[in-house]
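Engineer: Below is the file data_21.cif, which contains mmCIF, C-alpha atoms.
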data_entry
#
loop_
_atom_site.label_atom_id
_atom_site.label_comp_id
_atom_site.auth_asym_id
_atom_site.auth_seq_id
_atom_site.Cartn_x
_atom_site.Cartn_y
_atom_site.Cartn_z
CA MET X 578 -61.51 58.21 145.46
CA ALA X 579 -61.94 57.43 141.85
CA SER X 580 -58.52 58.74 141.16
CA ASN X 581 -57.00 56.50 143.83
CA LYS X 582 -58.70 53.45 142.39
CA SER X 583 -57.48 54.30 138.93
CA GLN X 584 -53.98 54.69 140.27
CA GLY X 585 -54.20 51.36 142.13
CA ALA X 586 -55.44 49.61 139.06
CA LYS X 587 -52.69 51.15 137.04
CA SER X 588 -50.11 50.01 139.57
CA LYS X 589 -51.58 46.52 139.67
CA ASN X 590 -51.40 46.19 135.92
CA GLN X 591 -47.74 47.30 135.85
CA PRO X 592 -45.96 43.98 136.91
CA PRO X 593 -47.02 42.08 133.81
CA LYS X 594 -45.24 44.70 131.70
CA LYS X 595 -42.14 44.15 133.80
CA LYS X 596 -42.39 40.42 133.36
CA GLN X 597 -42.84 40.81 129.63
CA ARG X 598 -39.75 42.97 129.49
CA ASN X 599 -37.82 40.39 131.52
CA ASP X 600 -39.07 37.63 129.25
CA LEU X 601 -37.81 39.44 126.19
CA PHE X 602 -34.48 39.96 127.89
CA ILE X 603 -34.25 36.28 128.74
CA ASP X 604 -35.05 35.24 125.18
CA LYS X 605 -32.40 37.49 123.74
CA LYS X 606 -29.71 36.41 126.16
CA ARG X 607 -28.93 33.04 127.67
CA PRO X 608 -29.96 33.02 131.35
CA THR X 609 -27.14 33.04 133.85
CA LYS X 610 -26.92 33.09 137.59
CA LYS X 611 -26.59 36.86 137.43
CA ASP X 612 -29.92 37.14 135.53
CA GLU X 613 -31.68 34.89 138.00
CA VAL X 614 -30.55 37.15 140.87
CA LEU X 615 -31.81 40.21 138.99
CA ASP X 616 -35.18 38.54 138.41
CA ASP X 617 -35.57 37.78 142.11
CA VAL X 618 -34.71 41.34 143.07
CA SER X 619 -37.12 42.77 140.49
CA ASP X 620 -39.93 40.57 141.83
CA GLY X 621 -39.32 41.81 145.37
CA HIS X 622 -39.38 45.41 144.28
CA SER X 623 -42.61 44.87 142.34
CA GLU X 624 -44.36 43.68 145.50
CA GLU X 625 -43.11 46.71 147.42
CA GLU X 626 -44.36 48.92 144.61
CA GLU X 627 -47.85 47.41 144.85
CA GLU X 628 -48.02 48.26 148.55
CA ALA X 629 -46.83 51.83 147.94
CA GLY X 630 -48.74 52.29 144.72
CA ASP X 631 -51.22 54.72 146.29
CA LEU X 632 -48.51 57.14 147.36
CA LEU X 633 -46.08 57.18 144.40
CA ASP X 634 -46.51 57.44 140.68
CA GLY X 635 -46.10 53.97 139.10
CA ASP X 636 -44.41 55.14 135.94
CA GLU X 637 -41.85 57.34 137.62
CA GLN X 638 -40.99 54.69 140.22
CA MET X 639 -40.58 51.97 137.59
CA SER X 640 -38.42 54.15 135.38
CA GLY X 641 -36.26 55.03 138.34
CA PHE X 642 -36.02 51.38 139.34
CA ASP X 643 -35.03 50.30 135.87
CA ASP X 644 -32.26 52.82 135.46
CA ASP X 645 -30.71 53.27 138.90
CA ASP X 646 -31.59 50.31 141.11
CA VAL X 647 -30.99 47.68 138.46
CA SER X 648 -27.61 49.16 137.64
CA GLU X 649 -26.67 49.23 141.34
CA ILE X 650 -27.80 45.67 141.84
CA SER X 651 -25.97 44.52 138.75
CA ASP X 652 -22.79 46.28 139.90
CA GLU X 653 -23.01 44.76 143.34
CA ASP X 654 -23.72 41.31 141.96
CA ASP X 655 -21.04 41.50 139.31
CA ALA X 656 -18.26 41.96 141.84
CA PRO X 657 -18.46 38.53 143.59
CA TRP X 658 -18.93 36.70 140.31
CA ALA X 659 -15.98 38.55 138.79
CA ASP X 660 -13.91 37.63 141.84
CA ASP X 661 -14.92 34.01 141.45
CA PHE X 662 -13.93 34.00 137.77
CA LEU X 663 -10.62 35.70 138.51
CA GLN X 664 -9.88 33.29 141.32
CA GLY X 665 -10.74 30.38 139.06
CA SER X 666 -8.41 31.64 136.37
CA ASP X 667 -5.65 32.10 138.94
CA ASP X 668 -6.22 28.59 140.20
CA ASN X 669 -6.07 27.26 136.63
CA GLU X 670 -2.86 29.12 135.97
CA ASP X 671 -1.36 27.79 139.19
CA SER X 672 -2.38 24.25 138.35
CA GLY X 673 -1.07 24.61 134.76
CA SER X 674 2.26 25.95 135.94
CA SER X 675 2.56 23.20 138.52
CA SER X 676 1.73 20.52 135.93
CA THR X 677 4.24 22.04 133.50
CA SER X 678 6.92 22.12 136.14
CA GLY X 679 6.06 18.56 137.13
CA SER X 680 6.29 17.29 133.55
CA GLY X 681 9.57 19.16 133.09
CA SER X 682 11.05 17.58 136.20
CA ASP X 683 9.85 14.13 135.06
CA SER X 684 11.45 14.52 131.63
CA HIS X 685 14.67 15.74 133.22
CA SER X 686 14.72 12.76 135.56
CA ASP X 687 14.10 10.39 132.61
CA GLU X 688 17.02 11.88 130.67
CA THR X 689 19.23 11.54 133.74
CA ASP X 690 18.27 7.87 134.12
CA ILE X 691 19.04 7.16 130.45
CA GLU X 692 22.45 8.83 130.72
CA GLU X 693 23.29 6.83 133.83
CA LYS X 694 22.25 3.56 132.20
CA SER X 695 24.28 4.34 129.06
CA ARG X 696 27.30 5.21 131.18
CA ALA X 697 26.95 1.97 133.13
CA ILE X 698 26.74 -0.06 129.90
CA ASP X 699 29.89 1.62 128.53
CA GLU X 700 31.78 0.95 131.74
CA GLN X 701 30.72 -2.69 131.77
CA ARG X 702 31.80 -3.13 128.15
CA ALA X 703 35.18 -1.56 128.88
CA ARG X 704 35.68 -3.90 131.85
CA GLU X 705 34.79 -6.92 129.70
CA GLU X 706 37.32 -5.89 127.03
CA GLU X 707 40.03 -5.43 129.65
CA ASP X 708 39.26 -8.83 131.17
CA ALA X 709 39.36 -10.49 127.73
CA GLN X 710 42.70 -8.86 126.92
CA ALA X 711 44.16 -9.90 130.26
CA GLU X 712 42.88 -13.45 129.80
CA MET X 713 44.38 -13.68 126.31
CA GLU X 714 47.76 -12.46 127.56
CA LEU X 715 47.59 -14.94 130.40
CA ASN X 716 46.77 -17.79 128.02
CA ILE X 717 49.69 -16.85 125.76
CA LYS X 718 51.99 -16.76 128.74
CA GLU X 719 50.73 -20.10 130.01
CA GLU X 720 51.08 -21.71 126.59
CA SER X 721 54.63 -20.43 126.23
CA ASP X 722 55.45 -21.71 129.68
CA GLU X 723 53.78 -25.09 129.13
CA PHE X 724 55.69 -26.13 125.98
CA ARG X 725 58.95 -27.96 126.58
CA LEU X 726 61.13 -29.87 124.17
CA PRO X 727 60.96 -33.64 124.66
CA THR X 728 63.79 -35.28 126.50
CA LYS X 729 65.94 -38.11 125.12
CA GLU X 730 63.99 -40.67 127.11
CA GLU X 731 60.69 -39.40 125.68
CA LEU X 732 62.06 -39.50 122.12
CA GLU X 733 63.28 -43.08 122.58
CA ALA X 734 59.85 -44.07 123.89
CA GLU X 735 58.17 -42.43 120.85
CA GLN X 736 60.38 -44.37 118.45
CA GLN X 737 59.22 -47.65 119.95
CA ARG X 738 55.54 -46.73 119.39
CA PRO X 739 53.64 -45.94 116.17
CA PRO X 740 53.90 -42.25 115.27
CA ASP X 741 51.30 -40.05 116.94
CA LEU X 742 50.44 -37.67 114.10
CA ALA X 743 48.32 -35.32 116.24
CA ASN X 744 51.13 -34.96 118.79
CA LEU X 745 53.71 -34.38 116.03
CA GLN X 746 51.59 -31.71 114.36
CA MET X 747 50.99 -29.86 117.64
CA ARG X 748 54.69 -29.98 118.51
CA MET X 749 55.71 -28.61 115.09
CA LYS X 750 53.30 -25.69 115.51
CA GLU X 751 54.68 -24.96 118.96
CA ILE X 752 58.26 -25.03 117.69
CA VAL X 753 57.39 -22.62 114.87
CA ARG X 754 55.64 -20.30 117.35
CA VAL X 755 58.65 -20.32 119.68
CA LEU X 756 61.11 -19.71 116.83
CA SER X 757 59.04 -16.76 115.62
CA ASN X 758 59.56 -15.06 119.03
CA PHE X 759 62.56 -16.93 120.32
CA LYS X 760 63.80 -14.27 122.74
CA HIS X 761 60.67 -14.28 124.91
CA MET X 762 59.35 -17.84 124.42
CA ARG X 763 62.43 -20.03 124.41
CA GLN X 764 63.00 -22.62 127.07
CA GLU X 765 65.79 -21.92 129.48
CA GLY X 766 68.97 -23.78 128.65
CA THR X 767 68.02 -24.46 125.02
CA THR X 768 69.33 -22.95 121.79
CA ARG X 769 67.76 -22.25 118.43
CA LYS X 770 69.60 -25.24 116.96
CA ASP X 771 67.83 -27.56 119.41
CA TYR X 772 64.43 -26.42 118.19
CA ILE X 773 65.43 -26.66 114.52
CA ASP X 774 66.86 -30.17 114.94
CA GLN X 775 63.65 -31.32 116.60
CA LEU X 776 61.62 -29.70 113.81
CA LYS X 777 63.58 -31.62 111.17
CA ILE X 778 62.90 -34.91 112.93
CA ASP X 779 59.19 -34.18 113.25
CA LEU X 780 58.85 -33.07 109.60
CA GLY X 781 60.47 -36.28 108.39
CA SER X 782 58.22 -38.41 110.60
CA TYR X 783 55.00 -36.56 109.77
CA TYR X 784 55.36 -35.97 106.00
CA GLY X 785 57.69 -38.85 105.15
CA TYR X 786 60.42 -36.66 103.63
CA ASN X 787 64.01 -37.89 103.72
CA GLU X 788 66.64 -36.20 105.83
CA PHE X 789 68.46 -34.64 102.88
CA LEU X 790 65.35 -32.92 101.47
CA ILE X 791 64.31 -31.62 104.90
CA ARG X 792 67.78 -30.21 105.53
CA VAL X 793 67.84 -28.42 102.16
CA LEU X 794 64.38 -26.91 102.68
CA VAL X 795 65.20 -25.75 106.22
CA ASP X 796 68.37 -24.07 104.97
CA MET X 797 66.53 -22.35 102.09
CA PHE X 798 63.40 -20.98 103.82
CA PRO X 799 62.46 -19.48 107.20
CA VAL X 800 60.42 -21.81 109.38
CA VAL X 801 57.12 -20.02 108.79
CA GLU X 802 57.51 -20.04 105.01
CA LEU X 803 58.80 -23.61 105.16
CA MET X 804 55.62 -24.82 106.84
CA GLU X 805 53.45 -23.00 104.29
CA LEU X 806 55.48 -24.52 101.43
CA ILE X 807 55.22 -28.07 102.77
CA GLU X 808 51.48 -27.71 103.37
CA ALA X 809 51.11 -26.50 99.78
CA PHE X 810 53.00 -29.61 98.63
CA GLU X 811 50.45 -31.79 100.40
CA LYS X 812 47.43 -30.24 98.67
CA PRO X 813 46.25 -32.13 95.57
CA ARG X 814 47.10 -30.36 92.33
CA PRO X 815 44.36 -29.61 89.80
CA THR X 816 44.30 -31.78 86.72
CA CYS X 817 45.64 -29.93 83.68
CA ILE X 818 45.75 -30.91 80.05
CA ARG X 819 47.75 -29.47 77.16
CA THR X 820 46.15 -29.08 73.75
CA ASN X 821 48.03 -30.60 70.85
CA THR X 822 47.98 -27.67 68.46
CA LEU X 823 49.08 -29.95 65.58
CA ARG X 824 45.67 -31.73 65.76
CA THR X 825 43.14 -29.22 67.08
CA HIS X 826 42.57 -25.84 68.72
CA ARG X 827 42.01 -25.24 72.41
CA ARG X 828 38.53 -23.75 71.94
CA ASP X 829 37.32 -26.68 69.83
CA LEU X 830 38.73 -29.17 72.31
CA ALA X 831 37.03 -27.42 75.23
CA ASP X 832 33.66 -27.51 73.44
CA VAL X 833 33.93 -31.23 72.69
CA LEU X 834 34.97 -32.15 76.24
CA SER X 835 32.22 -29.97 77.75
CA LYS X 836 29.63 -31.93 75.79
CA ARG X 837 31.05 -35.12 77.29
CA GLY X 838 30.46 -33.82 80.85
CA VAL X 839 33.89 -32.39 81.62
CA GLU X 840 33.94 -29.18 83.66
CA LEU X 841 37.00 -27.21 82.59
CA ASP X 842 38.31 -23.72 81.97
CA GLN X 843 41.33 -21.97 80.53
CA LEU X 844 44.44 -22.48 82.63
CA SER X 845 45.64 -18.89 82.74
CA LYS X 846 46.49 -15.93 80.59
CA TRP X 847 50.14 -16.96 80.36
CA SER X 848 49.27 -20.23 78.56
CA LYS X 849 47.56 -20.51 75.19
CA VAL X 850 47.26 -24.30 75.17
CA GLY X 851 46.47 -25.27 78.79
CA LEU X 852 43.11 -26.26 80.26
CA VAL X 853 42.32 -26.98 83.92
CA VAL X 854 39.78 -29.71 84.72
CA TYR X 855 37.59 -29.20 87.80
CA ASN X 856 35.32 -32.20 87.48
CA SER X 857 34.69 -34.94 84.96
CA HIS X 858 31.92 -37.50 84.57
CA VAL X 859 34.11 -39.58 82.25
CA PRO X 860 37.72 -40.75 82.72
CA ILE X 861 39.83 -37.87 81.45
CA GLY X 862 42.54 -40.30 80.31
CA ALA X 863 40.24 -42.59 78.31
CA THR X 864 38.23 -40.28 76.06
CA PRO X 865 38.32 -40.68 72.27
CA GLU X 866 40.01 -37.27 72.04
CA TYR X 867 42.81 -38.38 74.35
CA LEU X 868 43.30 -41.63 72.44
CA ALA X 869 43.40 -39.65 69.19
CA GLY X 870 46.18 -37.43 70.52
CA PHE X 871 44.17 -34.21 70.76
CA TYR X 872 45.46 -33.41 74.25
CA TYR X 873 48.04 -34.57 76.76
CA ILE X 874 47.63 -34.80 80.56
CA GLN X 875 50.39 -32.60 81.88
CA GLY X 876 51.06 -30.47 84.95
CA ALA X 877 51.01 -26.72 84.49
CA SER X 878 54.47 -26.38 86.03
CA SER X 879 56.01 -28.47 83.22
CA PHE X 880 54.78 -25.91 80.69
CA LEU X 881 57.24 -23.34 81.99
CA PRO X 882 60.59 -24.94 80.95
CA VAL X 883 59.41 -25.34 77.35
CA MET X 884 58.03 -21.80 77.29
CA ALA X 885 61.35 -20.52 78.65
CA LEU X 886 63.25 -22.49 75.98
CA ALA X 887 60.98 -21.18 73.20
CA PRO X 888 62.21 -23.59 70.49
CA GLN X 889 61.85 -22.55 66.86
CA GLU X 890 61.38 -24.55 63.71
CA LYS X 891 64.38 -26.42 62.23
CA GLU X 892 66.38 -26.08 65.44
CA ARG X 893 68.22 -28.93 67.13
CA VAL X 894 67.06 -29.66 70.70
CA VAL X 895 68.67 -32.18 73.06
CA ASP X 896 66.27 -33.40 75.79
CA MET X 897 68.36 -34.90 78.60
CA ALA X 898 65.38 -35.84 80.78
CA ALA X 899 62.77 -37.15 78.36
CA ALA X 900 60.47 -38.98 80.73
CA PRO X 901 57.56 -39.42 80.56
CA GLY X 902 57.68 -37.18 77.50
CA GLY X 903 55.34 -34.26 78.21
CA LYS X 904 57.98 -31.58 77.66
CA THR X 905 59.38 -33.40 74.60
CA THR X 906 56.01 -33.57 72.90
CA TYR X 907 55.37 -29.90 73.77
CA VAL X 908 58.72 -28.99 72.14
CA ALA X 909 57.78 -31.01 69.05
CA ALA X 910 54.42 -29.22 68.84
CA LEU X 911 56.07 -25.79 69.04
CA MET X 912 58.60 -26.81 66.37
CA LYS X 913 55.74 -28.24 64.23
CA ASN X 914 57.47 -31.62 63.98
CA SER X 915 60.39 -30.12 62.07
CA VAL X 916 62.71 -32.25 64.23
CA GLU X 917 61.64 -35.37 62.34
CA GLU X 918 62.46 -33.76 59.02
CA ASN X 919 65.92 -32.82 60.28
CA GLU X 920 66.53 -36.38 61.51
CA GLN X 921 65.48 -37.81 58.15
CA ARG X 922 67.82 -35.43 56.32
CA GLU X 923 70.70 -36.42 58.58
CA GLU X 924 70.07 -40.12 57.95
CA GLU X 925 69.96 -39.55 54.19
CA SER X 926 73.19 -37.56 54.32
CA ARG X 927 74.94 -40.37 56.19
CA LYS X 928 74.13 -42.85 53.42
CA PHE X 929 76.20 -40.94 50.92
#
Please rewrite the model in this file as structure tokens.

Structural biologist:
Amino acid sequence: MASNKSQGAKSKNQPPKKKQRNDLFIDKKRPTKKDEVLDDVSDGHSEEEEEAGDLLDGDEQMSGFDDDDVSEISDEDDAPWADDFLQGSDDNEDSGSSSTSGSGSDSHSDETDIEEKSRAIDEQRAREEEDAQAEMELNIKEESDEFRLPTKEELEAEQQRPPDLANLQMRMKEIVRVLSNFKHMRQEGTTRKDYIDQLKIDLGSYYGYNEFLIRVLVDMFPVVELMELIEAFEKPRPTCIRTNTLRTHRRDLADVLSKRGVELDQLSKWSKVGLVVYNSHVPIGATPEYLAGFYYIQGASSFLPVMALAPQEKERVVDMAAAPGGKTTYVAALMKNSVEENEQREEESRKF
């Protein structure tokens, strides 16, 4: 009887040891659902052990429970949790693959949309260029068809009215355009001579040239070059001055005139005495330098005959067109006034 009581007491004191062991296990490892299940199972077995403590040895039963039963319980409990984890990983993989495939399809659709939009823009641009080209050709055709030479009645009516400069200018441009492509743009029943005769009349009326000059220019140049030449004639020429090298040098003259507010520069490399005036705050023909004979107002084109003649000192030069005297004075400057000495010698020789 005493032995049974001692065994019962020993079995009753055993659960706290189990709890202490479980507590140490919990402290060492983070509790999980699996551990909680093991704790519940161990508690149930401890109660069964208390009821059967009188029949079995507490130490042997606990050792057997710790080694065999706990391992079996853990194996049985591990299986469903492992299945859950595996299923979760499969689900994650399925969702990841589906999201990857979805993003790939979206990117492919975006690229397709961009290509279609780019193709549509290129097609629209090509259509616009074709329409513009067709419209330009149509306008050229309409313009060529619209222009007609004036009839005799229309010319007589124009002569009775003041000249319409805008109408004359437009008609000259149309005649030049037709003559440049006469085969395709000419009016039926008209010849090239008809267009040229009308162009001569319009040039004389618009620019004020006489009939002889217009006829000479038309015979010398093609119509396109003729129009460019006449337009160049109408542009104002730059003011040029020629330095009198007997009185001063070109550099010194340019410095003095610049101080007086004259904007000028060298004429060109081919002239050593010419200066071109762009702007002047003082009258270029009333400066003290001009009155003192330091320079002469002269066109650049009149330099060329004297430069071509290239007179030398003590030569005899006959100027048949000495008016107003720009070329003559340039010749005298190049000859360093040796002409006067020759004239004086001739007069002295005549006396004897």

Engineer: Which residues, written as JSON, numbers by chain, have at least one atom at most 9 Å from X:Gly838, with all atoms listed in the file counted and residues fewer than 3 positions away on the same chain left out?

Structural biologist: {"X": [834, 835, 856, 857, 858, 859]}

Engineer: Hey, what's within 8 Å of stretch 899-912 of chain X if we count all atoms listed in the file and toss same-chain stuff fewer than 6 positions away? As a list of chain:residue names, please?

Structural biologist: X:Asn821, X:Thr822, X:Leu823, X:Tyr873, X:Gln875, X:Ser879, X:Phe880, X:Pro882, X:Val883, X:Ala887, X:Pro888, X:Gln889, X:Glu890, X:Lys891, X:Glu892

Engineer: Report, in Å to a single decimal, how far apart atom CA of X:Gln775 and atom CA of X:Glu714 are.

Structural biologist: 27.0 Å

Engineer: Counting only C-alpha atoms, figure out which residue out of X:Gly781, X:Lys729, X:Arg819, X:Arg828 gets nearest to X:Ile807.

Structural biologist: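 Under the stated criterion, the closest residue is X:Gly781.
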
Engineer: Atom CA of X:Met713 to atom CA of X:Met804: how many Å, to one decimal?

Structural biologist: 25.1 Å

Engineer: So what do you get for atom CA of X:Ala743 versus atom CA of X:Asn787, distance-wise?

Structural biologist: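 Atom CA of X:Asn787 lies 20.2 Å from atom CA of X:Ala743.
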
Engineer: Show which residues sit within 8 Å of stretch 841-843 of chain X, as a PDB file with C-alpha atoms, in the coordinates of the input. Count all atoms listed in the file, and ignore same-chain residues fewer than 6 positions away.

Structural biologist:
ATOM      1  CA  ALA X 831      37.030 -27.420  75.230  1.00  0.00           C
ATOM      2  CA  SER X 835      32.220 -29.970  77.750  1.00  0.00           C
ATOM      3  CA  GLY X 851      46.470 -25.270  78.790  1.00  0.00           C
ATOM      4  CA  LEU X 852      43.110 -26.260  80.260  1.00  0.00           C
ATOM      5  CA  VAL X 853      42.320 -26.980  83.920  1.00  0.00           C
ATOM      6  CA  VAL X 854      39.780 -29.710  84.720  1.00  0.00           C
ATOM      7  CA  TYR X 855      37.590 -29.200  87.800  1.00  0.00           C
ATOM      8  CA  ASN X 856      35.320 -32.200  87.480  1.00  0.00           C
TER       9      ASN X 856
END

Engineer: Check which residues satisfy the PyMOL selection byres ((chain X and resi 794) around 12) in the file shown, then give them as a list in words.

Structural biologist: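 Here the PyMOL selection byres ((chain X and resi 794) around 12) matches Ile773, Leu776, Lys777, Leu780, Gly781, Tyr786, Asn787, Glu788, Phe789, Leu790, Ile791, Arg792, Val793, Val795, Asp796, Met797, Phe798, Pro799, Val800, Val801, Glu802, Leu803, Met804, Glu805, Leu806 and Ile807 of chain X.
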
Engineer: Which of these, X:Asp829, X:Asp779, X:Asp687, X:Glu692, has the shortest distance to X:Glu751 once you count only C-alpha atoms?

Structural biologist: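 The closest residue to X:Glu751 is X:Asp779.
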
Engineer: Of the candidates X:Leu844, X:Arg702, X:Tyr784, X:Asn914, which one gets nearest to X:Thr816 if we count only C-alpha atoms?

Structural biologist: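 Using only C-alpha atoms, X:Thr816 sits closest to X:Leu844.
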
Engineer: Residues near stretch 766-772 of chain X, anyone? I mean within 9 Å using only C-alpha atoms, not counting same-chain ones fewer than 5 positions away, as a PyMOL selection string.

Structural biologist: chain X and resi 726+752-753+755-756+759+777

Engineer: So that I have them on file, write out the residues from the current selection with C-alpha atoms, as an mmCIF file, keeping the file's coordinate frame.

Structural biologist:
data_model
loop_
_atom_site.group_PDB
_atom_site.id
_atom_site.type_symbol
_atom_site.label_atom_id
_atom_site.label_comp_id
_atom_site.auth_asym_id
_atom_site.auth_seq_id
_atom_site.Cartn_x
_atom_site.Cartn_y
_atom_site.Cartn_z
ATOM 1 C CA LEU X 726 61.130 -29.870 124.170
ATOM 2 C CA ILE X 752 58.260 -25.030 117.690
ATOM 3 C CA VAL X 753 57.390 -22.620 114.870
ATOM 4 C CA VAL X 755 58.650 -20.320 119.680
ATOM 5 C CA LEU X 756 61.110 -19.710 116.830
ATOM 6 C CA PHE X 759 62.560 -16.930 120.320
ATOM 7 C CA LYS X 777 63.580 -31.620 111.170
#
